[in-house]
Structures are given as structure tokens and as C-alpha cells.
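What follows is final_0.txt (compact mmCIF, C-alpha atoms).
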# COMPACT_ATOMS: atom_id res chain seq x y z
CA MET A 14 -5.49 15.78 -10.30
CA ILE A 15 -4.72 12.09 -9.70
CA GLY A 16 -5.65 10.27 -6.48
CA THR A 17 -4.46 7.04 -4.90
CA LEU A 18 -3.58 5.44 -1.58
CA GLY A 19 -0.83 7.03 0.46
CA ASN A 20 0.32 9.10 3.38
CA LYS A 21 0.85 12.80 2.61
CA MET A 22 3.80 13.09 5.02
CA TYR A 23 5.41 9.80 3.97
CA PRO A 24 4.55 9.08 0.31
CA SER A 25 5.88 5.55 -0.07
CA THR A 26 3.03 3.21 -1.00
CA CYS A 27 3.40 1.05 -4.09
CA SER A 28 0.40 2.92 -5.49
CA TYR A 29 2.07 6.30 -4.97
CA ALA A 30 5.29 5.09 -6.65
CA ALA A 31 3.31 3.74 -9.61
CA VAL A 32 1.21 6.90 -10.03
CA ALA A 33 4.25 9.20 -9.68
CA HIS A 34 6.00 7.19 -12.41
CA TYR A 35 3.05 6.83 -14.81
CA PHE A 36 1.66 10.35 -14.35
CA PHE A 37 5.04 12.10 -14.20
CA ASN A 38 4.80 15.81 -13.29
CA ARG A 39 1.07 15.60 -12.45
CA ASN A 40 -0.45 16.62 -9.13
CA ILE A 41 -1.11 13.63 -6.89
CA LEU A 42 -3.51 13.64 -3.95
CA LEU A 43 -3.08 10.84 -1.41
CA PHE A 44 -5.88 9.21 0.60
CA SER A 45 -5.97 6.95 3.65
CA THR A 46 -8.04 4.34 1.81
CA PHE A 47 -8.95 3.54 -1.78
CA GLU A 48 -12.60 4.03 -0.82
CA GLU A 49 -11.86 7.62 0.27
CA CYS A 50 -10.09 8.11 -3.06
CA MET A 51 -13.15 6.90 -4.98
CA THR A 52 -15.43 9.17 -2.93
CA ALA A 53 -13.19 12.11 -3.84
CA LEU A 54 -13.41 11.05 -7.48
CA LYS A 55 -17.21 11.01 -7.35
CA GLU A 56 -17.19 14.40 -5.59
CA ARG A 57 -14.91 15.80 -8.34
CA SER A 58 -11.97 16.56 -6.01
CA ILE A 59 -9.82 14.48 -8.36
CA ASN A 60 -10.21 13.45 -12.01
CA ILE A 61 -8.57 10.02 -11.89
CA GLY A 62 -8.37 7.47 -9.07
CA VAL A 63 -5.78 4.69 -9.31
CA VAL A 64 -6.10 1.29 -7.62
CA PRO A 65 -3.80 -1.75 -7.94
CA ALA A 66 -5.46 -4.86 -9.34
CA ALA A 67 -4.36 -6.81 -6.21
CA TYR A 68 -6.57 -4.71 -3.93
CA PRO A 69 -8.92 -7.29 -2.38
CA LYS A 70 -11.92 -4.91 -2.30
CA ILE A 71 -11.65 -3.73 -5.92
CA ASN A 72 -14.83 -5.49 -7.11
CA PRO A 73 -17.29 -2.92 -5.66
CA ILE A 74 -15.21 -0.14 -7.23
CA ILE A 75 -15.33 -1.82 -10.64
CA MET A 76 -19.09 -2.43 -10.29
CA ASP A 77 -19.88 1.13 -9.13
CA ASP A 78 -22.37 2.64 -11.61
CA ASP A 79 -20.86 6.11 -11.17
CA LEU A 80 -17.34 5.05 -12.15
CA GLN A 81 -15.63 3.63 -15.21
CA VAL A 82 -12.28 2.08 -16.01
CA ALA A 83 -10.50 4.63 -18.19
CA ASP A 84 -7.03 3.11 -18.46
CA THR A 85 -4.70 0.47 -17.07
CA PHE A 86 -0.94 0.36 -16.78
CA MET A 87 1.78 -1.91 -15.42
CA TYR A 88 4.41 -0.94 -12.88
CA ARG A 89 7.14 -2.96 -11.18
CA ILE A 90 6.49 -2.50 -7.48
CA PRO A 91 9.31 -2.80 -4.92
CA ASP A 92 10.04 -5.94 -2.89
CA LEU A 93 7.41 -6.81 -0.29
CA VAL A 94 9.20 -7.60 2.95
CA LEU A 95 8.79 -8.55 6.57
CA ALA A 96 10.31 -5.73 8.61
CA ALA A 97 10.92 -4.72 12.20
CA ASN A 98 12.25 -1.82 14.22
CA GLN A 99 14.87 -3.85 16.00
CA GLU A 100 18.48 -4.38 14.97
CA ASN A 101 18.97 -7.46 17.14
CA ASN A 102 18.01 -11.08 16.63
CA ILE A 103 14.51 -10.98 18.11
CA ARG A 104 12.26 -13.67 16.64
CA HIS A 105 9.11 -13.32 18.79
CA PHE A 106 6.95 -10.25 18.25
CA HIS A 107 3.77 -8.75 19.69
CA HIS A 108 1.98 -7.52 16.56
CA LEU A 109 2.15 -8.03 12.81
CA TYR A 110 0.77 -5.03 10.89
CA PHE A 111 -0.22 -5.54 7.26
CA HIS A 112 -2.30 -4.08 4.45
CA PRO A 113 -5.07 -6.53 3.41
CA ALA A 114 -3.60 -6.74 -0.12
CA THR A 115 -0.55 -8.49 1.40
CA LYS A 116 -2.46 -11.05 3.50
CA SER A 117 -1.67 -13.87 1.07
CA LEU A 118 2.02 -13.44 2.00
CA PHE A 119 1.46 -14.75 5.55
CA SER A 120 2.22 -18.28 4.38
CA LYS A 121 5.67 -17.17 3.21
CA ILE A 122 6.77 -15.85 6.62
CA ASN A 123 9.68 -17.91 7.88
CA SER A 124 8.64 -20.12 10.80
CA GLN A 125 11.44 -18.67 12.94
CA PHE A 126 9.34 -15.50 13.33
CA SER A 127 6.28 -15.58 15.57
CA PHE A 128 3.73 -12.95 16.60
CA LYS A 129 0.76 -12.86 18.94
CA GLU A 130 -1.68 -10.72 16.98
CA ILE A 131 -2.25 -9.60 13.39
CA ILE A 132 -3.58 -6.09 12.86
CA PRO A 133 -4.73 -4.67 9.50
CA ALA A 134 -3.33 -1.30 8.41
CA ASP A 135 -4.60 1.19 5.83
CA SER A 136 -1.49 0.85 3.65
CA ASN A 137 2.07 -0.49 3.57
CA THR A 138 3.19 2.94 4.75
CA ASP A 139 0.73 2.81 7.66
CA ALA A 140 2.01 -0.65 8.63
CA ALA A 141 5.62 0.59 8.60
CA LEU A 142 4.71 3.71 10.59
CA LYS A 143 2.95 1.63 13.25
CA VAL A 144 6.14 -0.40 13.73
CA LYS A 145 8.35 2.71 13.72
CA GLN A 146 6.14 4.52 16.21
CA SER A 147 5.99 1.53 18.54
CA GLY A 148 9.61 2.29 19.47
CA ARG A 149 11.14 -0.42 21.62
CA GLU A 150 8.06 -2.63 21.49
CA ASN A 151 8.73 -5.67 19.35
CA ASN A 152 6.42 -5.46 16.35
CA LEU A 153 6.59 -6.57 12.72
CA CYS A 154 5.03 -5.40 9.49
CA ILE A 155 4.62 -6.54 5.95
CA THR A 156 5.51 -3.54 3.83
CA ASN A 157 7.49 -2.55 0.76
CA ALA A 158 11.18 -1.77 0.43
CA LEU A 159 10.45 1.96 -0.04
CA CYS A 160 8.76 2.12 3.36
CA VAL A 161 11.58 0.18 4.99
CA ALA A 162 14.13 2.70 3.71
CA GLN A 163 11.96 5.71 4.51
CA GLN A 164 11.21 4.58 8.09
CA ASP A 165 14.69 3.17 8.72
CA LEU A 166 13.35 -0.30 9.52
CA LYS A 167 15.20 -3.58 9.18
CA ALA A 168 14.03 -5.99 6.46
CA LEU A 169 14.03 -9.45 8.02
CA GLN A 170 12.79 -11.41 5.02
CA ILE A 171 11.83 -10.75 1.40
CA LEU A 172 8.35 -12.22 1.05
CA LYS A 173 7.93 -11.38 -2.63
CA GLU A 174 10.53 -9.84 -4.88
CA GLY A 175 9.49 -6.77 -6.85
CA PHE A 176 7.05 -7.71 -9.59
CA VAL A 177 4.91 -6.13 -12.27
CA MET A 178 1.53 -5.07 -10.89
CA PRO A 179 -1.40 -3.93 -13.02
CA PHE A 180 -2.98 -0.65 -11.93
CA ILE A 181 -6.47 0.46 -12.89
CA CYS A 182 -7.34 4.11 -13.53
CA PHE A 183 -10.93 5.05 -12.72
CA THR A 184 -12.82 8.16 -13.77
CA ARG A 185 -16.37 9.33 -13.28
CA LYS A 186 -18.77 7.77 -15.77
CA GLY A 187 -18.68 9.76 -19.01
CA PHE A 188 -15.50 11.67 -18.11
CA SER A 189 -12.58 11.52 -20.51
CA PRO A 190 -9.21 12.36 -18.87
CA LYS A 191 -7.57 13.34 -22.17
Please go through the file and, once you have read it, give me the structure as C-alpha cells.
Amino acid sequence: MIGTLGNKMYPSTCSYAAVAHYFFNRNILLFSTFEECMTALKERSINIGVVPAAYPKINPIIMDDDLQVADTFMYRIPDLVLAANQENNIRHFHHLYFHPATKSLFSKINSQFSFKEIIPADSNTDAALKVKQSGRENNLCITNALCVAQQDLKALQILKEGFVMPFICFTRKGFSPK
């Protein structure tokens, strides 16, 4: 059993796409946070936990005495985009939802778009869902192209075109996944 970040009802995180591709035809269990995934790994609910190298809180996972890096792989993730629920030309928004791994993309947001508050989300999927569920309220998110398609959002700007991301596979110390 492989674990990573994702939403069970809407599997569309970059991590889910990477794991589904790399571990084709394997059972995947999705977690709200990478930390929950690593807890499940330690508790033996899963055998492998996968985290992208861009995750800003990966250092404590790497340094965890109970875990080990068992493998790495590369996967081209989809475009990372600025998206909204609205089909019109709104430029001023209430909230910007984002996963912390995408925070460095703030500087790439076109100056024509403004927002009052930034709010962290558990994943790109969570950010997209928060915008979708806000209905007519004018909110933005930084998410991936998979989430935009799945939640029927409008991509306003490509912040980073799809690129190759390294992913790290963790196991319990002493466990061999082969």
C-alpha cells in the first residue's frame, strides 16, 4: 500500500498523479497532509509514503530516525496555475488559497490580480475545492491543471508550466519494499 497527499473524493494532487503513474496498478491511500501519511507509515497502515522534494517541511521527515529514503523518481507535474470560479473579468478577489509548496509562485502573479487575504490549504486539491465551494464569492487559488479541470475552474494565469519534480519514497527503517 502506497500513501501520499490527496483527497479521496477528488484525487488530483500532483503527488497522487505521480504515485499513480510510478506505482501503476498499486493500491494508493490518500492523506490530508504529508505528516499524516508519515504517521500511517510508522503505524504500518502503508508500506511506502511518497513526498515531493519541493515540500517545504520535508526536512523533519528526512531526519526522522524511524524512516528511511528507499527510492526516488521523477515525474512531470501539470502546470501550476492561478484559478478562479468566475467566468467574467473580475480582477479583485477576497482570498487566495494555496498549498505552502506553491508559496514561491506569489511573485509570478500578474499585478492585475489583487486579493485581500492569503490562506494556506492542505493541498492543491484543497485550494481548488475551497474556491469551488465558495460559489459566487470571488476567491482565487494556486493549484494544478488537473484540479482546474476536475473542479471546472477557470485558469487565469499559468504561474509555472509543467516541470519534472523529484519525488522521495519513504519506508520504515529496515523495511525493504521489494
### Query
In terms of the shortest atom-to-atom distance over only C-alpha atoms, which of A:Thr17, A:Ser189, A:Asn151, A:Asn137 is closest to Glu49 in chain A?
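Among the listed residues, the smallest separation from Glu49 in chain A belongs to A:Thr17.
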### Query
Between CA of Ile90 in chain A and CA of Glu56 in chain A, what is the spacing in Å?
29.2 Å
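Pairwise distance (CA of Gln125 in chain A, CA of Leu93 in chain A) equals 18.2 Å.
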### Query
Using all atoms listed in the file, which residue out of A:Ile59, A:Leu18, A:Met87, A:Ile74 lies closest to Leu43 in chain A?
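Using all atoms listed in the file, Leu43 in chain A sits closest to A:Leu18.
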### Query
What's the 12 Å shell around Arg185 in chain A, counting only C-alpha atoms, without same-chain residues fewer than 5 positions away, as a PyMOL selection string?
chain A and resi 51-62+74-75+77-83+190
### Summary
Between CA of Ala30 in chain A and CA of Asp139 in chain A lies a distance of 15.2 Å
Each range 50-76 of chain A residue no farther than 10 Å from range 175-181 of chain A, nearest pair in Å, only C-alpha atoms, as a Markdown table:
| residue | atom | partner | partner_atom | distance |
| --- | --- | --- | --- | --- |
| A:Ile61 | CA | A:Ile181 | CA | 9.8 |
| A:Gly62 | CA | A:Ile181 | CA | 8.2 |
| A:Val63 | CA | A:Ile181 | CA | 5.6 |
| A:Val64 | CA | A:Ile181 | CA | 5.3 |
| A:Pro65 | CA | A:Phe180 | CA | 4.2 |
| A:Ala66 | CA | A:Phe180 | CA | 5.5 |
| A:Ala67 | CA | A:Met178 | CA | 7.7 |
| A:Tyr68 | CA | A:Phe180 | CA | 9.7 |
| A:Ile71 | CA | A:Ile181 | CA | 9.6 |
| A:Ile75 | CA | A:Ile181 | CA | 9.4 |
### Task
Just the residues within 10 Å of Phe119 in chain A, please, counting all atoms listed in the file, with nothing from its chain fewer than 6 positions along; format it as number ranges by chain.
A: 95, 109, 111, 155, 172
### Message
Taking only C-alpha atoms into account, name the residue in A:Asp135, A:Asp92, A:Glu130, A:Glu174 that is nearest to Pro113 in chain A.
### Response
A:Asp135
### Task
Can you work out which one of A:Ala114, A:Pro91, A:His107, A:Ala134 has the shortest atom-to-atom distance to Lys70 in chain A, counting all atoms listed in the file?
A:Ala114
Centre, x/y/z edge lengths, axis-aligned box for range 152-159 of chain A with 5 Å per side, as lines of an AutoDock Vina configuration file:
center_x = 7.9
center_y = -2.3
center_z = 8.2
size_x = 16.6
size_y = 18.5
size_z = 26.4
Would you write out, as JSON lines, a table of all residues in range 61-168 of chain A that have an atom no more than 9 Å from an atom of range 20-23 of chain A, listing for each the closest atom pair and the distance in Å to one decimal, considering all atoms listed in the file and ordering rows by chain and rising residue number?
{"residue": "A:Ser136", "atom": "CA", "partner": "A:Asn20", "partner_atom": "CA", "distance": 8.5}
{"residue": "A:Thr138", "atom": "CA", "partner": "A:Asn20", "partner_atom": "CA", "distance": 6.9}
{"residue": "A:Asp139", "atom": "CA", "partner": "A:Asn20", "partner_atom": "CA", "distance": 7.6}
{"residue": "A:Cys160", "atom": "CA", "partner": "A:Tyr23", "partner_atom": "CA", "distance": 8.4}
{"residue": "A:Gln163", "atom": "CA", "partner": "A:Tyr23", "partner_atom": "CA", "distance": 7.7}
{"residue": "A:Gln164", "atom": "CA", "partner": "A:Tyr23", "partner_atom": "CA", "distance": 8.8}
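Look at Val94 in chain A: the protein and nucleic acid residues within 10 Å of it, using all atoms listed in the file and passing over chain neighbours fewer than 4 places away, are Thr115, Leu118, Ile122, Cys154, Ile155, Thr156, Asn157, Ala158, Cys160, Val161, Lys167, Ala168, Leu169, Gln170, Ile171, Leu172, Lys173, Glu174 and Gly175 of chain A.
Each of A:Pro24, A:Met76, A:Phe86, A:Glu48 was checked against Leu142 in chain A using all atoms listed in the file; the smallest atom-to-atom distance is that of A:Pro24.
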### Task
Rank nothing, just name the residue among A:Asn152, A:Pro73, A:Thr184, A:Arg89 nearest to Phe128 in chain A, using only C-alpha atoms.
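Checking each candidate against Phe128 in chain A, we get A:Asn152 as the closest.
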Taking the partial coordinates given, rebuild range 130-143 of chain A to contain N, CA, C and O atoms; return it as a PDB file, in the coordinates of the input.
ATOM      1  N   GLU A 130      -0.462 -11.297  17.526  1.00  0.00           N
ATOM      2  CA  GLU A 130      -1.680 -10.720  16.980  1.00  0.00           C
ATOM      3  C   GLU A 130      -1.405 -10.105  15.610  1.00  0.00           C
ATOM      4  O   GLU A 130      -0.354  -9.503  15.396  1.00  0.00           O
ATOM      5  N   ILE A 131      -2.355 -10.262  14.696  1.00  0.00           N
ATOM      6  CA  ILE A 131      -2.250  -9.600  13.390  1.00  0.00           C
ATOM      7  C   ILE A 131      -3.239  -8.442  13.368  1.00  0.00           C
ATOM      8  O   ILE A 131      -4.377  -8.577  13.824  1.00  0.00           O
ATOM      9  N   ILE A 132      -2.763  -7.305  12.855  1.00  0.00           N
ATOM     10  CA  ILE A 132      -3.580  -6.090  12.860  1.00  0.00           C
ATOM     11  C   ILE A 132      -3.542  -5.452  11.471  1.00  0.00           C
ATOM     12  O   ILE A 132      -2.468  -5.081  10.988  1.00  0.00           O
ATOM     13  N   PRO A 133      -4.699  -5.319  10.811  1.00  0.00           N
ATOM     14  CA  PRO A 133      -4.730  -4.670   9.500  1.00  0.00           C
ATOM     15  C   PRO A 133      -4.351  -3.193   9.586  1.00  0.00           C
ATOM     16  O   PRO A 133      -4.630  -2.522  10.575  1.00  0.00           O
ATOM     17  N   ALA A 134      -3.714  -2.706   8.535  1.00  0.00           N
ATOM     18  CA  ALA A 134      -3.330  -1.300   8.410  1.00  0.00           C
ATOM     19  C   ALA A 134      -3.933  -0.756   7.120  1.00  0.00           C
ATOM     20  O   ALA A 134      -4.298  -1.521   6.224  1.00  0.00           O
ATOM     21  N   ASP A 135      -4.010   0.568   7.020  1.00  0.00           N
ATOM     22  CA  ASP A 135      -4.600   1.190   5.830  1.00  0.00           C
ATOM     23  C   ASP A 135      -3.725   1.074   4.593  1.00  0.00           C
ATOM     24  O   ASP A 135      -4.221   1.166   3.466  1.00  0.00           O
ATOM     25  N   SER A 136      -2.403   0.920   4.785  1.00  0.00           N
ATOM     26  CA  SER A 136      -1.490   0.850   3.650  1.00  0.00           C
ATOM     27  C   SER A 136      -0.170   0.240   4.131  1.00  0.00           C
ATOM     28  O   SER A 136       0.038   0.065   5.334  1.00  0.00           O
ATOM     29  N   ASN A 137       0.725  -0.044   3.193  1.00  0.00           N
ATOM     30  CA  ASN A 137       2.070  -0.490   3.570  1.00  0.00           C
ATOM     31  C   ASN A 137       2.785   0.576   4.376  1.00  0.00           C
ATOM     32  O   ASN A 137       3.520   0.278   5.319  1.00  0.00           O
ATOM     33  N   THR A 138       2.578   1.833   4.014  1.00  0.00           N
ATOM     34  CA  THR A 138       3.190   2.940   4.750  1.00  0.00           C
ATOM     35  C   THR A 138       2.648   2.967   6.180  1.00  0.00           C
ATOM     36  O   THR A 138       3.416   3.108   7.143  1.00  0.00           O
ATOM     37  N   ASP A 139       1.347   2.823   6.338  1.00  0.00           N
ATOM     38  CA  ASP A 139       0.730   2.810   7.660  1.00  0.00           C
ATOM     39  C   ASP A 139       1.288   1.665   8.500  1.00  0.00           C
ATOM     40  O   ASP A 139       1.593   1.843   9.683  1.00  0.00           O
ATOM     41  N   ALA A 140       1.449   0.494   7.908  1.00  0.00           N
ATOM     42  CA  ALA A 140       2.010  -0.650   8.630  1.00  0.00           C
ATOM     43  C   ALA A 140       3.431  -0.341   9.111  1.00  0.00           C
ATOM     44  O   ALA A 140       3.781  -0.600  10.265  1.00  0.00           O
ATOM     45  N   ALA A 141       4.244   0.238   8.241  1.00  0.00           N
ATOM     46  CA  ALA A 141       5.620   0.590   8.600  1.00  0.00           C
ATOM     47  C   ALA A 141       5.646   1.664   9.687  1.00  0.00           C
ATOM     48  O   ALA A 141       6.449   1.583  10.628  1.00  0.00           O
ATOM     49  N   LEU A 142       4.775   2.651   9.573  1.00  0.00           N
ATOM     50  CA  LEU A 142       4.710   3.710  10.590  1.00  0.00           C
ATOM     51  C   LEU A 142       4.300   3.170  11.956  1.00  0.00           C
ATOM     52  O   LEU A 142       4.834   3.597  12.984  1.00  0.00           O
ATOM     53  N   LYS A 143       3.377   2.216  11.973  1.00  0.00           N
ATOM     54  CA  LYS A 143       2.950   1.630  13.250  1.00  0.00           C
ATOM     55  C   LYS A 143       4.127   0.927  13.927  1.00  0.00           C
ATOM     56  O   LYS A 143       4.286   1.016  15.145  1.00  0.00           O
TER      57      LYS A 143
END
